file structure.cif (mmCIF, C-alpha atoms and all ligand atoms)
data_final
#
loop_
_atom_site.label_atom_id
_atom_site.label_comp_id
_atom_site.auth_asym_id
_atom_site.auth_seq_id
_atom_site.Cartn_x
_atom_site.Cartn_y
_atom_site.Cartn_z
CA MET A 787 -3.78 104.98 77.65
CA PRO A 788 -4.85 104.98 73.97
CA ILE A 789 -1.48 103.54 73.01
CA ILE A 790 -1.93 100.67 75.46
CA VAL A 791 -5.35 99.88 74.00
CA ILE A 792 -3.89 99.86 70.50
CA ARG A 793 -0.96 97.64 71.44
CA TYR A 794 -3.21 95.27 73.30
CA ALA A 795 -5.53 94.98 70.28
CA LEU A 796 -2.72 94.50 67.80
CA GLU A 797 -0.91 91.92 69.86
CA THR A 798 -3.92 89.84 70.79
CA GLU A 799 -5.96 89.82 67.64
CA PRO A 800 -4.33 89.93 64.19
CA SER A 801 -7.61 90.91 62.50
CA TYR A 802 -7.61 94.16 64.49
CA ASN A 803 -4.23 94.81 63.02
CA LYS A 804 -5.69 94.47 59.51
CA SER A 805 -8.69 96.64 60.28
CA CYS A 806 -6.45 99.08 62.02
CA ARG A 807 -4.21 99.41 58.98
CA ALA A 808 -7.23 99.66 56.68
CA PHE A 809 -8.68 102.40 58.83
CA PHE A 810 -5.35 104.19 58.91
CA VAL A 811 -4.75 103.96 55.19
CA ASN A 812 -8.28 105.12 54.44
CA ASN A 813 -8.09 108.06 56.74
CA TYR A 814 -4.44 109.04 56.64
CA ARG A 815 -3.29 108.24 53.17
CA SER A 816 0.16 109.72 53.62
CA PHE A 817 1.08 106.81 55.90
CA ALA A 818 1.34 103.28 54.59
CA TYR A 819 1.34 101.75 58.06
CA PRO A 820 0.64 103.14 61.49
CA ARG A 821 3.71 103.85 63.53
CA LEU A 822 2.54 103.17 67.01
CA GLN A 823 4.99 104.84 69.28
CA LEU A 824 4.94 107.24 72.16
CA ASP A 825 5.72 110.21 70.04
CA SER A 826 3.59 113.32 70.44
CA GLN A 827 3.13 113.77 66.70
CA TYR A 828 1.35 110.42 66.54
CA LEU A 829 -0.60 110.77 69.73
CA GLU A 830 -3.68 112.38 68.22
CA ILE A 831 -3.87 109.87 65.37
CA SER A 832 -3.30 107.04 67.82
CA PHE A 833 -6.11 108.30 69.96
CA ILE A 834 -8.52 108.19 67.01
CA PHE A 835 -7.23 104.72 66.28
CA ALA A 836 -7.86 103.63 69.80
CA ILE A 837 -11.44 104.79 69.64
CA GLU A 838 -11.97 102.91 66.38
CA ILE A 839 -10.42 99.72 67.71
CA TYR A 840 -12.38 99.98 70.94
CA LYS A 841 -15.56 100.46 68.88
CA LEU A 842 -14.63 97.44 66.76
CA MET A 843 -14.14 95.29 69.86
CA ILE A 844 -17.49 96.35 71.26
CA ASP A 845 -19.19 95.77 67.89
CA GLN A 846 -17.80 92.26 67.63
CA ASN A 847 -19.03 91.37 71.10
CA GLN A 848 -22.42 92.83 70.26
CA ILE A 849 -22.61 90.67 67.13
CA LYS A 850 -22.21 87.55 69.26
CA VAL A 851 -24.95 88.75 71.63
CA TRP A 852 -27.35 89.43 68.76
CA ASN A 853 -26.69 86.06 67.12
CA LYS A 854 -27.55 84.34 70.40
CA GLN A 855 -30.53 86.58 71.15
CA LEU A 856 -32.08 86.12 67.70
CA GLN A 857 -31.39 82.41 67.31
CA GLY A 858 -34.55 80.63 66.12
CA LYS A 859 -36.35 83.87 65.18
CA THR A 860 -38.04 84.14 61.80
CA PRO A 861 -36.49 86.34 59.08
CA GLN A 862 -39.35 88.83 59.60
CA GLU A 863 -38.58 89.03 63.32
CA VAL A 864 -34.89 89.57 62.62
CA ILE A 865 -35.69 92.28 60.06
CA ALA A 866 -38.18 94.04 62.34
CA PHE A 867 -35.69 93.99 65.21
CA PHE A 868 -32.96 95.70 63.18
CA LEU A 869 -35.23 98.14 61.33
CA ASN A 870 -36.41 99.32 64.70
CA LEU A 871 -32.91 99.44 66.11
CA PHE A 872 -31.10 101.23 63.28
CA LYS A 873 -34.04 103.20 61.83
CA GLU A 874 -32.80 105.42 58.94
CA LYS A 875 -29.27 103.99 59.30
CA ILE A 876 -30.11 100.61 57.80
CA ALA A 877 -30.89 99.59 54.20
CA LEU A 878 -31.63 96.49 52.18
CA SER A 879 -29.04 95.95 49.50
CA THR A 880 -30.69 94.15 46.60
CA SER A 881 -29.17 92.63 43.49
CA MET A 882 -32.73 91.63 42.50
CA GLY A 883 -31.92 87.95 43.05
CA LEU A 884 -34.48 85.52 44.50
CA GLU A 885 -33.42 86.01 48.12
CA ASP A 886 -33.29 89.79 47.76
CA GLN A 887 -36.75 89.80 46.24
CA ILE A 888 -38.06 87.81 49.23
CA LEU A 889 -36.41 90.28 51.58
CA THR A 890 -37.86 93.21 49.64
CA HIS A 891 -41.28 91.61 50.07
CA MET A 892 -40.71 91.13 53.82
CA VAL A 893 -39.17 94.53 54.48
CA SER A 894 -41.87 96.41 52.55
CA GLU A 895 -44.54 94.58 54.55
CA ILE A 896 -42.92 95.80 57.76
CA ASP A 897 -41.97 99.32 56.65
CA ARG A 898 -42.60 100.66 53.14
CA GLU A 899 -40.45 103.71 53.97
CA ALA A 900 -37.40 101.56 54.65
CA LYS A 901 -34.33 102.14 52.49
CA PHE A 902 -33.62 99.90 49.49
CA PHE A 903 -30.70 100.24 47.13
CA THR A 904 -29.21 98.40 44.18
CA LEU A 905 -26.02 98.73 42.13
CA ASP A 906 -26.28 99.24 38.40
CA THR A 907 -22.93 98.07 37.03
CA GLY A 908 -23.88 99.09 33.50
CA ARG A 909 -23.63 95.43 32.41
CA LEU A 910 -26.88 94.00 33.79
CA PHE A 911 -29.41 91.93 31.84
CA PRO A 912 -32.37 93.84 30.35
CA GLU A 913 -34.60 91.53 32.43
CA THR A 914 -32.95 92.84 35.61
CA TYR A 915 -33.71 96.47 34.74
CA ASP A 916 -37.28 95.47 34.08
CA LEU A 917 -37.42 93.71 37.45
CA ILE A 918 -36.12 96.81 39.30
CA ASP A 919 -38.97 98.80 37.79
CA ARG A 920 -41.65 96.14 38.41
CA THR A 921 -40.55 95.60 42.01
CA ALA A 922 -40.55 99.27 42.94
CA LYS A 923 -44.04 99.67 41.47
CA LYS A 924 -45.49 96.51 43.01
CA TYR A 925 -44.32 97.27 46.55
CA LYS A 926 -44.66 101.07 46.22
CA ILE A 927 -41.11 101.55 47.39
CA THR A 928 -38.13 103.58 46.24
CA ILE A 929 -35.09 101.59 45.16
CA ASP A 930 -32.06 103.88 45.03
CA VAL A 931 -29.78 102.97 42.13
CA PHE A 932 -26.04 103.57 42.48
CA PHE A 933 -23.84 103.78 39.38
CA PRO A 934 -20.07 103.46 38.89
CA ASP A 935 -17.95 106.54 38.43
CA THR A 936 -17.84 107.41 34.71
CA TYR A 937 -14.16 108.31 34.75
CA ASP A 938 -13.21 105.04 36.49
CA VAL A 939 -15.00 102.94 33.90
CA GLU A 940 -13.72 104.93 30.93
CA GLN A 941 -10.13 104.62 32.15
CA MET A 942 -10.47 100.90 32.81
CA VAL A 943 -12.00 100.16 29.43
CA ALA A 944 -9.45 102.33 27.63
CA GLU A 945 -6.57 100.51 29.29
CA LYS A 946 -7.84 96.94 29.42
CA GLY A 947 -10.71 96.57 26.96
CA ILE A 948 -14.46 96.33 27.27
CA ASN A 949 -14.47 92.61 28.23
CA LEU A 950 -11.35 92.66 30.39
CA PHE A 951 -12.84 90.29 32.99
CA TYR A 952 -12.28 87.21 30.80
CA ASP A 953 -8.53 87.85 30.60
CA SER A 954 -7.54 87.37 34.24
CA ILE A 955 -8.87 87.19 37.80
CA GLU A 956 -7.06 90.44 38.47
CA ASN A 957 -8.97 92.17 35.65
CA ARG A 958 -12.25 90.66 36.79
CA LYS A 959 -11.68 91.91 40.32
CA LEU A 960 -10.78 95.36 39.04
CA CYS A 961 -14.01 95.52 37.07
CA CYS A 962 -16.04 94.35 40.10
CA HIS A 963 -14.23 96.87 42.26
CA LEU A 964 -15.03 99.83 40.03
CA ARG A 965 -18.52 98.79 39.01
CA LYS A 966 -19.68 97.32 42.35
CA ILE A 967 -17.46 97.92 45.36
CA LYS A 968 -16.94 101.65 44.94
CA PRO A 969 -20.64 102.33 44.34
CA LEU A 970 -21.41 100.12 47.35
CA MET A 971 -19.11 102.28 49.47
CA ARG A 972 -21.08 105.34 48.41
CA ALA A 973 -24.38 103.58 49.03
CA THR A 974 -23.41 102.56 52.56
CA LYS A 975 -21.46 105.65 53.53
CA ASN A 976 -24.09 106.94 55.94
CA LEU A 977 -25.37 103.58 57.13
CA ASP A 978 -24.66 101.58 60.28
CA ALA A 979 -26.13 98.31 58.99
CA TRP A 980 -27.19 96.56 55.80
CA ILE A 981 -29.48 93.65 55.09
CA THR A 982 -28.42 91.10 52.49
CA GLY A 983 -29.85 87.93 50.96
CA LEU A 984 -26.83 85.70 51.63
CA ARG A 985 -27.47 82.01 52.30
CA ARG A 986 -24.96 79.42 53.47
CA GLY A 987 -26.05 77.02 50.74
CA GLN A 988 -25.22 79.45 47.92
CA ALA A 989 -21.48 78.85 47.77
CA VAL A 990 -18.47 77.34 49.52
CA THR A 991 -17.37 80.90 50.27
CA ARG A 992 -20.57 81.43 52.32
CA LYS A 993 -20.85 78.21 54.33
CA ASP A 994 -19.54 79.69 57.62
CA LEU A 995 -21.68 82.83 57.68
CA ASN A 996 -23.96 83.76 60.59
CA THR A 997 -27.24 85.66 60.67
CA ILE A 998 -25.43 88.74 61.93
CA GLU A 999 -21.89 89.48 60.87
CA TRP A 1000 -19.49 92.32 61.43
CA ASP A 1001 -18.60 93.63 57.98
CA LYS A 1002 -15.16 94.98 58.65
CA THR A 1003 -14.59 95.99 55.02
CA ASN A 1004 -17.44 98.48 55.14
CA ASP A 1005 -17.55 99.01 58.92
CA LEU A 1006 -21.17 97.92 59.08
CA VAL A 1007 -23.36 95.42 60.81
CA LYS A 1008 -24.41 92.93 58.15
CA ILE A 1009 -27.72 91.14 58.61
CA ASN A 1010 -28.46 87.93 56.68
CA PRO A 1011 -32.04 86.95 57.65
CA LEU A 1012 -32.21 84.03 55.18
CA ILE A 1013 -28.84 82.55 56.07
CA ASN A 1014 -30.30 79.15 57.05
CA TRP A 1015 -32.82 78.85 54.22
CA SER A 1016 -32.56 76.13 51.62
CA GLU A 1017 -33.15 76.69 47.92
CA LYS A 1018 -36.48 74.86 48.29
CA GLN A 1019 -37.61 77.27 51.03
CA VAL A 1020 -36.70 80.18 48.76
CA TRP A 1021 -38.78 78.89 45.85
CA ASP A 1022 -41.67 77.91 48.13
CA TYR A 1023 -41.81 81.44 49.54
CA VAL A 1024 -41.59 83.01 46.08
CA ASN A 1025 -44.47 80.89 44.80
CA GLN A 1026 -46.67 81.21 47.89
CA HIS A 1027 -46.32 85.00 48.07
CA ASN A 1028 -46.26 85.77 44.38
CA VAL A 1029 -42.89 87.52 44.69
CA PRO A 1030 -41.76 89.06 41.36
CA VAL A 1031 -38.61 87.37 40.10
CA ASN A 1032 -36.28 87.57 37.16
CA PRO A 1033 -37.67 85.49 34.24
CA LEU A 1034 -34.13 84.26 33.57
CA HIS A 1035 -34.44 81.92 36.57
CA LYS A 1036 -36.90 79.84 34.56
CA LYS A 1037 -34.27 79.60 31.80
CA GLY A 1038 -31.67 77.99 34.02
CA PHE A 1039 -30.02 81.09 35.47
CA ALA A 1040 -29.77 80.31 39.20
CA SER A 1041 -27.73 83.28 40.43
CA ILE A 1042 -27.94 86.37 38.23
CA GLY A 1043 -25.32 89.09 38.08
CA CYS A 1044 -23.84 90.97 35.16
CA GLN A 1045 -24.74 89.68 31.70
CA PRO A 1046 -21.21 88.83 30.48
CA CYS A 1047 -20.33 87.07 33.74
CA THR A 1048 -23.45 84.93 34.19
CA ARG A 1049 -24.57 81.81 32.33
CA ALA A 1050 -27.34 79.26 32.76
CA ILE A 1051 -26.46 76.11 34.70
CA GLU A 1052 -27.29 72.42 34.41
CA PRO A 1053 -29.70 70.96 37.04
CA ASP A 1054 -26.89 69.12 38.86
CA GLU A 1055 -24.56 72.12 39.04
CA ASP A 1056 -23.86 74.32 42.08
CA VAL A 1057 -26.14 77.38 42.37
CA ARG A 1058 -23.30 79.78 41.69
CA ALA A 1059 -21.64 77.67 38.98
CA GLY A 1060 -22.99 80.11 36.39
CA ARG A 1061 -21.18 83.10 37.88
CA TRP A 1062 -17.61 83.69 36.57
CA TRP A 1063 -17.70 80.07 35.42
CA TRP A 1064 -14.15 80.27 34.11
CA GLU A 1065 -12.77 80.72 37.67
CA ASN A 1066 -12.27 78.35 40.65
CA PRO A 1067 -15.16 78.29 43.18
CA GLU A 1068 -12.86 79.71 45.90
CA THR A 1069 -12.26 82.95 43.99
CA LYS A 1070 -15.87 83.50 42.96
CA GLU A 1071 -16.85 86.50 45.06
CA CYS A 1072 -17.04 89.99 43.65
CA GLY A 1073 -15.82 91.52 46.90
CA LEU A 1074 -19.21 92.80 48.06
CA HIS A 1075 -19.30 90.15 50.75
CA LYS A 1076 -15.76 89.81 52.04
CA ARG A 1077 -15.41 88.57 55.61
S1 LIG B 1101 -19.62 90.76 37.38
FE1 LIG B 1101 -18.39 90.96 35.49
S2 LIG B 1101 -19.14 92.79 34.38
FE2 LIG B 1101 -20.00 92.78 36.48
S3 LIG B 1101 -18.64 94.12 37.61
FE3 LIG B 1101 -17.88 92.02 37.92
S4 LIG B 1101 -16.41 91.61 36.26
FE4 LIG B 1101 -17.53 93.49 35.73
#

call {"tool": "encode", "arguments": {"input": "structure.cif", "output": "structure tokens"}}
result
Amino acid sequence: MPIIVIRYALETEPSYNKSCRAFFVNNYRSFAYPRLQLDSQYLEISFIFAIEIYKLMIDQNQIKVWNKQLQGKTPQEVIAFFLNLFKEKIALSTSMGLEDQILTHMVSEIDREAKFFTLDTGRLFPETYDLIDRTAKKYKITIDVFFPDTYDVEQMVAEKGINLFYDSIENRKLCCHLRKIKPLMRATKNLDAWITGLRRGQAVTRKDLNTIEWDKTNDLVKINPLINWSEKQVWDYVNQHNVPVNPLHKKGFASIGCQPCTRAIEPDEDVRAGRWWWENPETKECGLHKR
């Protein structure tokens, strides 16, 4: 029976195949690809697979139900719904950007004990560190800070240089992987869901996103309460509610990430034009928000 479920999933939906392989590689590193056959030595592994795929199928259906159920709800209603549903298994992931600051404001108004975390890549602006401190104090919340693995960073810098990201997309992605993705995996290890400040209008890579997504990279429900907001709505909310923001925004920095990979933009430029400005728009994601 498990084998049939696996074969059905693999044959009908290629993305299951990808998730299936990812799951397999993550959990059974000695195998590059699953060998799905009626052989007793694979039966136990296949059974675990089947459970994971079945769970994935259920999760994806549930995502559709939630998106329909919560259509037209305010961000606060969406947040309250999921905080109540996932309890200690949900967290707000904040990069201290405008949208994340709004969400921090909203979440802390609903539940000050909710979980908040941020990633310190080691290359942030001094203004961002200051904002982490100011935000935690203002809202009386704890923001857990996750750092990259020291050995990873030392090895990378020794092999490729301190500013490797300017040399190639491959190098830039490696740096993002070690300084962001791996710490994110640690931060979300015990979670079932995360809240993010993604908006469709932020980038071409985000234009098809929904309020609730299945994050198959991290095996999490991803909640984007501000997905439909415009930039004007963001600034209006910030000003009306006195939300603390990074002073760099007033200096032309629209989207703020690591210091060496962020620049100010001109008024007519795309919001994320200042991030990895030497790359094409289609490649400009750090991997935190893969679909
Ligand atoms: S944004 Fe730049 S410095 Fe930051 S992790 Fe990515 S490549 Fe490295």

call {"tool": "closest_atom_pairs", "arguments": {"input": "structure.cif", "of": "range 837-928 of chain A", "to": "range 978-994 of chain A", "cutoff": "8 Å", "atoms": "only C-alpha atoms", "output": "tab-separated table"}}
result
residue	atom	partner	partner_atom	distance
A:Phe872	CA	A:Asp978	CA	7.1
A:Lys875	CA	A:Asp978	CA	5.3
A:Ile876	CA	A:Ala979	CA	4.7
A:Ala877	CA	A:Trp980	CA	5.0
A:Leu878	CA	A:Ile981	CA	4.6
A:Ser879	CA	A:Thr982	CA	5.7
A:Thr880	CA	A:Thr982	CA	7.0
A:Glu885	CA	A:Gly983	CA	4.9
A:Asp886	CA	A:Gly983	CA	5.1
A:Leu889	CA	A:Gly983	CA	7.0

call {"tool": "write_last_selection", "arguments": {"input": "structure.cif", "atoms": "C-alpha atoms", "output": "CSV table (one decimal), keeping the file's coordinate frame"}}
result
chain,number,residue,atom,x,y,z
A,872,PHE,CA,-31.1,101.2,63.3
A,875,LYS,CA,-29.3,104.0,59.3
A,876,ILE,CA,-30.1,100.6,57.8
A,877,ALA,CA,-30.9,99.6,54.2
A,878,LEU,CA,-31.6,96.5,52.2
A,879,SER,CA,-29.0,96.0,49.5
A,880,THR,CA,-30.7,94.2,46.6
A,885,GLU,CA,-33.4,86.0,48.1
A,886,ASP,CA,-33.3,89.8,47.8
A,889,LEU,CA,-36.4,90.3,51.6

call {"tool": "closest_residue", "arguments": {"input": "structure.cif", "among": "A:Val1031, A:Met882, A:Ile1013, A:Met971", "to": "Asn996 in chain A", "atoms": "only C-alpha atoms"}}
result
A:Ile1013

call {"tool": "residues_near_ligand", "arguments": {"input": "structure.cif", "ligand": "ligand LIG 1101 (chain B)", "cutoff": "9 Å", "atoms": "all atoms listed in the file", "output": "PyMOL selection string"}}
result
chain A and resi 907-910+949-952+955+957-967+1043-1048+1061-1062+1072

call {"tool": "closest_residue", "arguments": {"input": "structure.cif", "among": "A:Leu869, A:Ile918, A:Trp1000, A:Leu995", "to": "Asn847 in chain A", "atoms": "all atoms listed in the file"}}
result
A:Trp1000

call {"tool": "residues_around", "arguments": {"input": "structure.cif", "residues": "Met892 in chain A", "least_positions_apart": "3", "cutoff": "9 Å", "atoms": "all atoms listed in the file", "output": "list of chain:residue names"}}
result
A:Pro861, A:Gln862, A:Ile865, A:Gln887, A:Ile888, A:Leu889, A:Glu895, A:Ile896, A:Asp897

call {"tool": "atom_distance", "arguments": {"input": "structure.cif", "atom1": "CA of Ser1016 in chain A", "atom2": "CA of Trp1063 in chain A"}}
result
22.3 Å

call {"tool": "closest_residue", "arguments": {"input": "structure.cif", "among": "A:Gln848, A:Thr997, A:Asn1028, A:Asn1066", "to": "Lys924 in chain A", "atoms": "only C-alpha atoms"}}
result
A:Asn1028

call {"tool": "atom_distance", "arguments": {"input": "structure.cif", "atom1": "CA of Leu917 in chain A", "atom2": "CA of Ile1009 in chain A"}}
result
23.4 Å

call {"tool": "atom_distance", "arguments": {"input": "structure.cif", "atom1": "CA of Thr860 in chain A", "atom2": "CA of Val1024 in chain A"}}
result
16.2 Å

call {"tool": "build_atoms", "arguments": {"input": "structure.cif", "residues": "range 881-893 of chain A", "atoms": "N, CA and C atoms", "output": "PDB file, in the coordinates of the input"}}
result
ATOM      1  N   SER A 881     -29.688  92.841  44.852  1.00  0.00           N
ATOM      2  CA  SER A 881     -29.170  92.630  43.490  1.00  0.00           C
ATOM      3  C   SER A 881     -30.309  92.087  42.620  1.00  0.00           C
ATOM      4  N   MET A 882     -31.518  92.094  43.171  1.00  0.00           N
ATOM      5  CA  MET A 882     -32.730  91.630  42.500  1.00  0.00           C
ATOM      6  C   MET A 882     -32.756  90.111  42.333  1.00  0.00           C
ATOM      7  N   GLY A 883     -31.895  89.416  43.069  1.00  0.00           N
ATOM      8  CA  GLY A 883     -31.920  87.950  43.050  1.00  0.00           C
ATOM      9  C   GLY A 883     -33.122  87.437  43.846  1.00  0.00           C
ATOM     10  N   LEU A 884     -33.310  86.119  43.830  1.00  0.00           N
ATOM     11  CA  LEU A 884     -34.480  85.520  44.500  1.00  0.00           C
ATOM     12  C   LEU A 884     -34.550  85.908  45.967  1.00  0.00           C
ATOM     13  N   GLU A 885     -33.421  85.736  46.673  1.00  0.00           N
ATOM     14  CA  GLU A 885     -33.420  86.010  48.120  1.00  0.00           C
ATOM     15  C   GLU A 885     -33.682  87.487  48.385  1.00  0.00           C
ATOM     16  N   ASP A 886     -33.087  88.345  47.562  1.00  0.00           N
ATOM     17  CA  ASP A 886     -33.290  89.790  47.760  1.00  0.00           C
ATOM     18  C   ASP A 886     -34.734  90.185  47.483  1.00  0.00           C
ATOM     19  N   GLN A 887     -35.350  89.505  46.535  1.00  0.00           N
ATOM     20  CA  GLN A 887     -36.750  89.800  46.240  1.00  0.00           C
ATOM     21  C   GLN A 887     -37.649  89.389  47.424  1.00  0.00           C
ATOM     22  N   ILE A 888     -37.309  88.252  48.033  1.00  0.00           N
ATOM     23  CA  ILE A 888     -38.060  87.810  49.230  1.00  0.00           C
ATOM     24  C   ILE A 888     -37.884  88.850  50.341  1.00  0.00           C
ATOM     25  N   LEU A 889     -36.658  89.301  50.530  1.00  0.00           N
ATOM     26  CA  LEU A 889     -36.410  90.280  51.580  1.00  0.00           C
ATOM     27  C   LEU A 889     -37.110  91.610  51.285  1.00  0.00           C
ATOM     28  N   THR A 890     -37.142  91.985  50.016  1.00  0.00           N
ATOM     29  CA  THR A 890     -37.860  93.210  49.640  1.00  0.00           C
ATOM     30  C   THR A 890     -39.336  93.069  50.007  1.00  0.00           C
ATOM     31  N   HIS A 891     -39.887  91.893  49.715  1.00  0.00           N
ATOM     32  CA  HIS A 891     -41.280  91.610  50.070  1.00  0.00           C
ATOM     33  C   HIS A 891     -41.464  91.741  51.592  1.00  0.00           C
ATOM     34  N   MET A 892     -40.585  91.111  52.355  1.00  0.00           N
ATOM     35  CA  MET A 892     -40.710  91.130  53.820  1.00  0.00           C
ATOM     36  C   MET A 892     -40.507  92.532  54.396  1.00  0.00           C
ATOM     37  N   VAL A 893     -39.462  93.194  53.937  1.00  0.00           N
ATOM     38  CA  VAL A 893     -39.170  94.530  54.480  1.00  0.00           C
ATOM     39  C   VAL A 893     -40.304  95.495  54.157  1.00  0.00           C
TER      40      VAL A 893
END
